[in-house]
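Shown here: start_17.cif, mmCIF, C-alpha atoms.
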```
data_target
loop_
_atom_site.label_atom_id
_atom_site.label_comp_id
_atom_site.auth_asym_id
_atom_site.auth_seq_id
_atom_site.Cartn_x
_atom_site.Cartn_y
_atom_site.Cartn_z
CA MET T 13 75.52 -17.62 -38.78
CA SER T 14 76.22 -14.16 -37.36
CA TRP T 15 73.11 -14.43 -35.16
CA LEU T 16 74.98 -17.05 -33.13
CA VAL T 17 77.58 -14.54 -31.94
CA PRO T 18 75.47 -12.64 -29.36
CA ILE T 19 74.13 -15.95 -28.01
CA GLY T 20 77.67 -17.25 -27.61
CA LEU T 21 78.79 -14.02 -25.97
CA GLY T 22 75.77 -14.10 -23.68
CA MET T 23 76.56 -17.64 -22.57
CA LEU T 24 80.21 -16.67 -22.07
CA GLY T 25 79.31 -13.58 -20.04
CA LEU T 26 76.75 -15.25 -17.80
CA GLY T 27 79.03 -18.25 -17.41
CA LEU T 28 81.78 -15.91 -16.27
CA ILE T 29 79.50 -14.20 -13.73
CA THR T 30 78.02 -17.39 -12.29
CA GLY T 31 81.45 -19.02 -12.21
CA LEU T 32 82.91 -16.11 -10.24
CA GLY T 33 79.91 -16.14 -7.92
CA ALA T 34 80.19 -19.86 -7.28
CA TRP T 35 83.89 -19.53 -6.57
CA LEU T 36 83.26 -16.70 -4.07
CA LEU T 37 80.50 -18.64 -2.32
CA ASP T 38 82.72 -21.72 -2.07
CA ILE T 39 85.41 -19.65 -0.33
CA ALA T 40 82.84 -18.06 2.00
CA ASN T 41 81.33 -21.45 2.80
CA ARG T 42 84.71 -22.73 3.96
CA ARG T 43 85.55 -19.53 5.78
CA PHE T 44 82.26 -19.35 7.73
CA LYS T 45 81.91 -23.05 8.42
CA THR T 46 79.75 -23.80 11.46
CA GLU T 47 80.23 -27.15 13.19
CA SER T 48 77.01 -27.19 15.19
CA ASP T 49 74.11 -24.85 15.60
CA PRO T 50 75.52 -22.05 17.77
CA LEU T 51 72.02 -21.06 18.84
CA VAL T 52 71.57 -24.39 20.65
CA ALA T 53 74.76 -23.73 22.63
CA ARG T 54 73.49 -20.30 23.70
CA ILE T 55 70.14 -21.75 24.81
CA ASP T 56 71.91 -24.61 26.60
CA GLN T 57 73.91 -22.06 28.59
CA GLU T 58 70.72 -20.52 29.97
CA LEU T 59 69.31 -23.86 31.15
CA PRO T 60 70.20 -24.92 34.70
CA GLN T 61 71.98 -28.17 33.65
CA THR T 62 70.19 -30.29 36.23
CA GLN T 63 69.52 -32.87 33.48
CA CYS T 64 66.33 -33.63 35.41
CA GLY T 65 64.09 -34.44 32.47
CA GLN T 66 61.06 -32.57 33.84
CA CYS T 67 60.67 -30.82 30.49
CA GLY T 68 59.99 -34.19 28.84
CA HIS T 69 63.40 -34.39 27.20
CA PRO T 70 66.27 -36.63 28.32
CA GLY T 71 68.38 -33.67 29.40
CA CYS T 72 69.13 -29.98 29.07
CA HIS T 73 70.90 -30.15 25.71
CA PRO T 74 68.07 -32.07 23.98
CA TYR T 75 65.63 -29.50 25.37
CA ALA T 76 67.85 -26.69 24.03
CA GLU T 77 67.70 -28.34 20.61
CA ALA T 78 63.91 -28.61 20.88
CA ILE T 79 63.64 -24.91 21.84
CA ALA T 80 65.79 -23.95 18.87
CA ALA T 81 63.40 -25.98 16.70
CA GLY T 82 60.45 -24.04 18.09
CA GLU T 83 59.26 -25.74 21.27
CA ALA T 84 57.82 -23.69 24.15
CA ILE T 85 60.41 -22.12 26.46
CA ASN T 86 58.48 -22.56 29.72
CA ARG T 87 59.02 -26.27 30.42
CA CYS T 88 61.92 -26.02 32.84
CA PRO T 89 60.77 -26.06 36.50
CA PRO T 90 64.29 -26.04 38.06
CA GLY T 91 65.15 -22.92 36.07
CA GLY T 92 61.97 -21.18 37.19
CA GLN T 93 60.46 -18.03 35.79
CA ASP T 94 63.90 -16.37 35.58
CA THR T 95 65.06 -18.87 32.99
CA VAL T 96 61.86 -18.43 30.97
CA ASP T 97 62.36 -14.65 30.98
CA ARG T 98 66.01 -14.93 29.99
CA LEU T 99 65.18 -17.36 27.16
CA ALA T 100 62.45 -15.02 25.92
CA GLU T 101 64.96 -12.18 25.92
CA LEU T 102 67.57 -14.31 24.13
CA LEU T 103 65.23 -15.60 21.46
CA GLY T 104 63.11 -12.50 20.98
CA ARG T 105 59.97 -14.43 21.85
CA ASP T 106 57.20 -13.40 24.20
CA THR T 107 57.67 -14.55 27.76
CA LEU T 108 55.30 -17.21 29.14
CA PRO T 109 54.28 -18.27 32.61
CA LEU T 110 56.19 -21.32 33.82
CA ASP T 111 54.50 -24.57 32.82
CA ALA T 112 54.56 -26.62 36.04
CA GLU T 113 52.34 -27.66 38.93
CA PRO T 114 51.57 -24.56 41.01
CA GLU T 115 52.80 -26.05 44.30
CA THR T 116 56.28 -26.65 42.93
CA VAL T 117 56.63 -23.18 41.46
CA GLY T 118 58.69 -20.65 43.34
CA GLN T 119 59.68 -23.13 46.04
CA ASP T 120 63.39 -23.54 46.42
CA THR T 121 63.66 -27.09 47.79
CA VAL T 122 66.46 -29.54 48.41
CA ALA T 123 66.44 -33.29 48.95
CA TRP T 124 66.84 -34.49 52.53
CA ILE T 125 67.68 -38.08 53.48
CA ILE T 126 66.17 -39.37 56.71
CA GLU T 127 69.40 -41.02 57.72
CA ALA T 128 67.97 -43.43 60.29
CA ASP T 129 65.93 -45.09 57.51
CA CYS T 130 68.60 -45.20 54.81
CA ILE T 131 69.67 -48.73 53.90
CA GLY T 132 72.59 -47.70 51.67
CA CYS T 133 71.25 -49.03 48.36
CA THR T 134 72.96 -46.28 46.23
CA LYS T 135 69.89 -45.98 43.96
CA CYS T 136 69.51 -42.27 44.72
CA ILE T 137 73.20 -41.70 43.97
CA GLN T 138 72.72 -43.15 40.50
CA ALA T 139 69.62 -41.01 39.93
CA CYS T 140 71.21 -37.72 40.97
CA PRO T 141 72.12 -35.69 37.87
CA VAL T 142 74.47 -33.34 39.71
CA ASP T 143 76.33 -35.83 41.99
CA ALA T 144 74.98 -34.14 45.09
CA ILE T 145 74.54 -37.37 47.11
CA VAL T 146 77.50 -39.01 48.82
CA GLY T 147 77.64 -42.50 50.30
CA ALA T 148 78.63 -46.06 49.46
CA ALA T 149 76.89 -49.43 49.26
CA LYS T 150 75.40 -50.50 52.62
CA LEU T 151 76.56 -47.26 54.19
CA MET T 152 74.37 -44.30 54.99
CA HIS T 153 73.97 -41.64 52.24
CA THR T 154 73.56 -37.94 52.65
CA VAL T 155 72.81 -34.95 50.43
CA ILE T 156 75.29 -32.13 49.83
CA THR T 157 72.76 -29.33 50.23
CA ASP T 158 74.85 -26.73 48.41
CA ALA T 159 75.08 -28.93 45.32
CA CYS T 160 71.45 -30.12 45.30
CA THR T 161 69.29 -28.44 42.67
CA GLY T 162 65.98 -29.68 44.06
CA CYS T 163 65.05 -31.65 40.93
CA ASP T 164 63.48 -34.44 43.09
CA LEU T 165 64.69 -37.20 40.74
CA CYS T 166 66.11 -39.09 43.74
CA VAL T 167 62.75 -39.33 45.53
CA ALA T 168 61.18 -41.97 43.27
CA PRO T 169 64.04 -44.53 43.16
CA CYS T 170 64.37 -44.78 46.97
CA PRO T 171 62.99 -48.20 48.02
CA VAL T 172 62.38 -47.17 51.63
CA ASP T 173 61.01 -43.65 50.94
CA CYS T 174 63.59 -42.01 53.14
CA ILE T 175 64.11 -38.97 50.90
CA GLU T 176 61.90 -35.94 51.27
CA MET T 177 61.98 -32.50 49.71
CA ILE T 178 62.41 -29.69 52.24
CA PRO T 179 62.71 -25.94 51.74
CA ARG T 180 66.31 -24.97 51.17
CA PRO T 181 67.81 -24.07 54.56
CA VAL T 182 68.88 -20.44 54.80
CA PRO T 183 72.36 -19.90 56.28
CA ALA T 184 72.32 -17.88 59.50
CA ASN T 185 74.19 -14.95 57.96
CA ARG T 186 71.55 -14.58 55.26
CA TRP T 187 68.43 -15.07 57.32
CA VAL T 188 65.98 -12.20 57.04
CA PRO T 189 63.15 -11.80 59.55
CA PRO T 190 59.71 -12.01 57.92
CA LYS T 191 58.10 -8.66 57.21
CA PRO T 192 55.70 -7.48 59.91
CA SER T 193 52.08 -7.02 58.98
CA VAL T 194 51.57 -3.30 58.68
CA ILE T 195 47.81 -3.07 58.42
CA ALA T 196 45.69 -4.21 61.31
CA THR T 197 43.37 -6.24 59.07
CA ASP T 198 46.41 -8.24 57.91
CA ARG T 199 47.24 -9.06 61.47
CA TYR T 200 43.70 -9.92 62.53
CA PRO T 201 41.86 -11.17 59.44
CA GLN T 202 38.92 -12.29 61.55
CA ALA T 203 38.44 -8.84 63.05
CA GLY T 204 38.64 -7.28 59.60
CA LEU T 205 35.85 -9.55 58.40
CA ALA T 206 33.67 -8.72 61.39
CA HIS T 207 33.77 -5.02 60.55
CA GLY T 208 32.96 -5.66 56.93
CA MET A 27 81.56 15.92 -3.04
CA THR A 28 78.35 17.94 -3.02
CA GLU A 29 77.17 15.78 -5.89
CA LEU A 30 77.69 12.58 -3.85
CA LEU A 31 75.95 14.08 -0.82
CA LEU A 32 73.02 15.08 -3.01
CA ILE A 33 72.83 11.53 -4.39
CA ILE A 34 72.58 10.15 -0.85
CA VAL A 35 69.91 12.64 0.26
CA SER A 36 68.01 12.09 -2.96
CA ALA A 37 68.01 8.30 -2.63
CA ALA A 38 67.34 8.30 1.12
CA LEU A 39 64.67 10.97 1.49
CA VAL A 40 63.41 12.68 -1.66
CA ASN A 41 63.10 9.58 -3.82
CA ASN A 42 62.87 7.20 -0.89
CA PHE A 43 62.85 3.69 -2.32
CA VAL A 44 60.12 2.36 -0.07
CA LEU A 45 57.65 5.18 0.41
CA VAL A 46 58.08 7.17 -2.82
CA GLN A 47 59.10 4.55 -5.38
CA PHE A 48 57.31 1.67 -3.61
CA LEU A 49 60.21 -0.78 -3.95
CA GLY A 50 60.95 -3.33 -1.24
CA LEU A 51 57.52 -3.38 0.38
CA CYS A 52 57.62 -7.06 1.34
CA PRO A 53 60.33 -6.72 4.03
CA LEU A 54 58.59 -3.50 5.15
CA MET A 55 55.50 -5.55 6.00
CA GLY A 56 57.30 -8.76 6.94
CA VAL A 57 60.10 -7.76 9.33
CA SER A 58 58.59 -4.68 10.95
CA SER A 59 56.78 -6.21 13.92
CA ARG A 60 59.75 -5.69 16.29
CA VAL A 61 62.33 -2.89 16.30
CA ASP A 62 65.22 -5.29 17.08
CA SER A 63 64.68 -7.45 14.04
CA ALA A 64 63.99 -4.36 11.92
CA ILE A 65 67.40 -2.96 12.87
CA GLY A 66 69.04 -6.30 12.06
CA MET A 67 67.26 -6.44 8.73
CA SER A 68 68.35 -2.85 8.04
CA PHE A 69 72.01 -3.73 8.50
CA ALA A 70 71.74 -6.87 6.35
CA THR A 71 69.94 -4.96 3.58
CA THR A 72 72.39 -2.04 3.79
CA PHE A 73 75.28 -4.43 3.30
CA VAL A 74 73.62 -6.23 0.41
CA LEU A 75 72.46 -3.01 -1.29
CA THR A 76 75.86 -1.33 -1.18
CA LEU A 77 77.73 -4.47 -2.20
CA SER A 78 75.37 -5.36 -5.01
CA SER A 79 75.27 -1.84 -6.47
CA VAL A 80 79.08 -1.83 -6.69
CA VAL A 81 79.19 -5.38 -8.08
CA ALA A 82 76.46 -4.52 -10.58
CA TYR A 83 78.51 -1.56 -11.78
CA LEU A 84 81.59 -3.75 -12.20
CA ILE A 85 79.62 -6.41 -14.07
CA GLN A 86 78.02 -3.79 -16.30
CA SER A 87 81.25 -2.05 -17.25
CA PHE A 88 83.70 -4.99 -17.36
CA ILE A 89 81.60 -7.92 -18.58
CA LEU A 90 78.32 -6.84 -20.13
CA THR A 91 79.42 -3.76 -22.10
CA PRO A 92 82.66 -5.23 -23.57
CA LEU A 93 80.82 -8.39 -24.67
CA ASP A 94 77.90 -6.28 -25.94
CA ILE A 95 75.36 -8.33 -23.98
CA THR A 96 73.68 -5.58 -21.93
CA TRP A 97 70.37 -7.21 -22.80
CA LEU A 98 71.28 -9.89 -20.22
CA ARG A 99 71.55 -7.19 -17.55
CA THR A 100 68.61 -8.26 -15.40
CA LEU A 101 69.70 -11.89 -15.33
CA ALA A 102 73.31 -11.04 -14.56
CA PHE A 103 72.34 -8.65 -11.76
CA ILE A 104 70.02 -11.19 -10.18
CA VAL A 105 72.87 -13.70 -10.07
CA ALA A 106 75.19 -11.11 -8.51
CA ILE A 107 72.56 -10.14 -5.92
CA ALA A 108 71.88 -13.78 -5.05
CA VAL A 109 75.59 -14.31 -4.45
CA ALA A 110 75.79 -11.18 -2.26
CA VAL A 111 72.78 -12.30 -0.20
CA GLN A 112 74.17 -15.78 0.21
CA LEU A 113 77.47 -14.32 1.40
CA THR A 114 75.61 -12.17 3.92
CA GLU A 115 73.65 -15.15 5.15
CA LEU A 116 76.76 -17.30 5.61
CA ALA A 117 78.51 -14.51 7.49
CA LEU A 118 75.47 -13.75 9.64
CA LYS A 119 74.89 -17.40 10.53
CA LYS A 120 78.43 -17.58 11.84
CA THR A 121 78.61 -14.23 13.62
CA SER A 122 75.06 -13.70 14.90
CA PRO A 123 72.99 -16.91 14.96
CA LEU A 124 70.23 -15.18 16.95
CA LEU A 125 69.68 -12.50 14.34
CA HIS A 126 69.86 -15.23 11.71
CA SER A 127 67.00 -17.13 13.35
CA VAL A 128 64.97 -13.96 13.96
CA LEU A 129 65.21 -12.82 10.33
CA GLY A 130 64.44 -16.34 9.15
CA ILE A 131 63.10 -16.54 5.63
CA TYR A 132 63.32 -12.76 5.11
CA LEU A 133 67.10 -12.95 4.89
CA PRO A 134 67.25 -15.09 1.72
CA LEU A 135 64.29 -13.05 0.48
CA ILE A 136 66.53 -9.97 0.26
CA THR A 137 67.40 -11.55 -3.11
CA THR A 138 63.91 -10.77 -4.31
CA ASN A 139 63.80 -7.37 -2.59
CA CYS A 140 62.99 -5.22 -5.61
CA ALA A 141 64.83 -2.26 -4.07
CA VAL A 142 68.12 -4.14 -4.51
CA LEU A 143 67.56 -4.90 -8.19
CA GLY A 144 66.03 -1.43 -8.56
CA VAL A 145 69.21 0.29 -7.33
CA ALA A 146 71.38 -1.81 -9.65
CA LEU A 147 69.20 -1.07 -12.69
CA LEU A 148 68.74 2.63 -11.91
CA ASN A 149 72.51 2.97 -11.52
CA THR A 150 73.11 1.69 -15.04
CA ASN A 151 70.17 3.68 -16.45
CA ARG A 152 71.58 6.91 -15.05
CA ALA A 153 75.15 6.02 -16.11
CA HIS A 154 76.50 6.51 -12.58
CA SER A 155 80.24 6.14 -12.01
CA LEU A 156 81.61 3.56 -9.53
CA LEU A 157 81.61 6.02 -6.63
CA GLU A 158 78.19 7.39 -7.54
CA SER A 159 76.83 3.84 -7.73
CA ALA A 160 78.18 3.03 -4.28
CA PHE A 161 76.73 6.23 -2.79
CA TYR A 162 73.41 5.69 -4.49
CA GLY A 163 73.32 2.20 -2.91
CA ILE A 164 74.21 3.61 0.52
CA GLY A 165 71.56 6.32 0.19
CA ALA A 166 68.90 3.83 -0.85
CA ALA A 167 69.88 1.57 2.07
CA ALA A 168 69.76 4.51 4.51
CA GLY A 169 66.27 5.42 3.29
CA PHE A 170 65.12 1.80 3.52
CA SER A 171 66.57 1.41 7.03
CA LEU A 172 65.04 4.69 8.20
CA VAL A 173 61.57 3.74 7.01
CA LEU A 174 61.82 0.16 8.26
CA VAL A 175 62.90 1.12 11.78
CA LEU A 176 60.40 4.00 12.04
CA PHE A 177 57.64 1.74 10.79
CA ALA A 178 58.60 -1.01 13.25
CA GLY A 179 58.47 1.55 16.06
CA VAL A 180 55.01 2.66 15.01
CA ARG A 181 53.82 -0.95 14.73
CA GLU A 182 55.14 -1.80 18.20
CA ARG A 183 52.95 0.98 19.56
CA LEU A 184 50.01 -0.06 17.39
CA ALA A 185 50.19 -3.53 18.94
CA LEU A 186 49.06 -1.95 22.22
CA ALA A 187 46.46 0.35 20.73
CA ASP A 188 42.74 -0.34 20.76
CA ILE A 189 42.07 -0.85 17.04
CA PRO A 190 38.61 -1.60 15.61
CA ALA A 191 38.42 -5.27 14.57
CA PRO A 192 38.24 -4.76 10.77
CA PHE A 193 41.46 -2.69 10.83
CA GLU A 194 43.57 -5.03 12.94
CA GLY A 195 46.84 -6.50 11.69
CA THR A 196 47.94 -5.88 8.11
CA ALA A 197 45.13 -3.43 7.39
CA ILE A 198 46.25 -0.87 9.95
CA ALA A 199 49.88 -1.50 8.94
CA LEU A 200 49.11 -0.64 5.31
CA ILE A 201 47.19 2.49 6.37
CA THR A 202 50.16 3.53 8.53
CA ALA A 203 52.52 2.95 5.60
CA GLY A 204 50.24 5.16 3.50
CA PHE A 205 50.43 7.97 6.07
CA MET A 206 54.21 7.66 6.17
CA ALA A 207 54.30 7.88 2.37
CA LEU A 208 52.20 11.07 2.61
CA ALA A 209 54.71 12.47 5.11
CA PHE A 210 57.60 11.65 2.78
CA MET A 211 55.84 13.54 -0.01
CA GLY A 212 56.95 16.63 1.92
CA PHE A 213 60.46 16.05 0.55
CA ALA A 214 59.26 15.99 -3.06
CA GLY A 215 60.97 18.48 -5.38
CA MET A 216 63.69 19.39 -2.89
CA ILE A 217 66.41 17.98 -5.16
CA ARG A 218 66.16 17.34 -8.86
CA LEU A 219 68.49 14.46 -9.72
#
```
Go through the file and emit its structure as structure tokens.
Amino acid sequence: MSWLVPIGLGMLGLGLITGLGAWLLDIANRRFKTESDPLVARIDQELPQTQCGQCGHPGCHPYAEAIAAGEAINRCPPGGQDTVDRLAELLGRDTLPLDAEPETVGQDTVAWIIEADCIGCTKCIQACPVDAIVGAAKLMHTVITDACTGCDLCVAPCPVDCIEMIPRPVPANRWVPPKPSVIATDRYPQAGLAHG
Amino acid sequence: MTELLLIIVSAALVNNFVLVQFLGLCPLMGVSSRVDSAIGMSFATTFVLTLSSVVAYLIQSFILTPLDITWLRTLAFIVAIAVAVQLTELALKKTSPLLHSVLGIYLPLITTNCAVLGVALLNTNRAHSLLESAFYGIGAAAGFSLVLVLFAGVRERLALADIPAPFEGTAIALITAGFMALAFMGFAGMIRL
């Protein structure tokens, strides 16, 4: 029966090693416990938190979860190209052009209520994800321009179509005159064409 | 002291684990497309290599030799390496979730990185002491990291180069690795250890 001894010792030795390993891993598992996926939180921080749903998800956090699971990073029109670039940097992915209709890209717009037409139905207040519309039932509403993110979610619910999207007004102390046209052909495109 | 320094130089350059002994080629091909992830992988592998070479020494001298079961060496070392990798993964997931997601499947695959098992087995074959084992592990990790980061840098440039269609992708990567191995042959015979 002496051939049983090395087998027994082998089982003892390996049992010892695996037991120690399992004990260590159990400690480490408790020590490094993660409640939620920290990556989702980092992505969520980069998103603009308009909760506008233009990415096809019910809000910014669900979209952050989808990005962490591998969805494209260019679905957020309110964030614009800057957000896409920052997400690409964060995730080590290649940057993509923003996936949105061309006319909405690069335009910084805010909602504007035509106050003479407003009937005070509060539907736009309920739609606004950032609480940028003030007003009460049967009283005129108005948009707090500084708080508006330009997500245009309030446009559709309005029963009298009194909300329109306008370019964000520039405060007087930040207004910059448009650049002059330097080259003559820029100034007179028709003349430039005539001379070939 | 000189002895330990020689062990490091020998493991890192002269007998480089990747390009001279051809151990650990899968992460070399898998994680070398970007320098950032290559650096992250280097740190993870360095940690695992050093830890597992020390643990392997302890297992060899305090469990396997006293019980006279050195024939179970490979199995025992694999278990120890798997535990070390799992520890690294748990710690990395907590401290750097981004790196964790970038490394992806290659992190658990450090377990099957033959360089890690190779260091543990070579340590026992050469009857290294505890300190020598640790330094051999560090040297091997330094050599692995050096090659991985250099190779990732070369591949980042290759991505922009105009490469003939049949050589694109893995083909040109393997040829590059071959050239790097040729370059590392320049160290051959510098140290006899």
Check which residues satisfy the PyMOL selection byres ((chain A) within 6 of (chain T)) in the file shown, then give them as a PyMOL selection string.
-> chain A and resi 95+109+120+123
Using only C-alpha atoms, tabulate the residues of segment 77-101 of chain A lying at most 8 Å from any atom of segment 144-162 of chain A, each with its closest atom pair and that distance in Å to one decimal, by chain and increasing residue number, as CSV.
```
residue,atom,partner,partner_atom,distance
A:Leu77,CA,A:Ala160,CA,7.8
A:Ser78,CA,A:Ala146,CA,7.1
A:Ser79,CA,A:Ala146,CA,5.0
A:Val80,CA,A:Ala160,CA,5.5
A:Ala82,CA,A:Ala146,CA,5.8
A:Tyr83,CA,A:Leu156,CA,6.4
A:Leu84,CA,A:Leu156,CA,7.8
A:Gln86,CA,A:Thr150,CA,7.5
A:Thr100,CA,A:Leu147,CA,7.7
```
Two-atom distance - atom CA of Gln63 of chain T, atom CA of Ile131 of chain T (Å) | 25.9 Å
Given the file shown, determine the residues that the PyMOL selection byres ((chain T and resi 81) around 12) selects; report them as a PyMOL selection string.
-> (chain T and resi 49+51-52+55+74-80+82-85+103) or (chain A and resi 127)
Give me the result of the PyMOL selection byres ((chain A and resi 48-60) around 10) on this file, residue by residue, as a ChimeraX atom specification.
-> /T:104 /A:41-47,61-68,71,128-133,135-136,138-145,170-171,173-185,196,199-200,203,207
One decimal, Å: what's the distance from atom CA of Gly169 of chain A over to atom CA of Thr96 of chain A, could you say?
-> 28.5 Å
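Considering the residues T:Asn86, T:Thr95, T:Gly71, T:Trp124 and counting all atoms listed in the file, Leu108 of chain T has its shortest atom-to-atom contact with T:Asn86.
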Find the distance between atom CA of Ala117 of chain A and atom CA of Leu101 of chain A and write it in Å to one decimal.
-> 24.6 Å
Using all atoms listed in the file, which residue out of T:Glu58, T:Asp158, T:Asp111, T:Asp106 lies closest to Asp143 of chain T?
-> T:Asp158
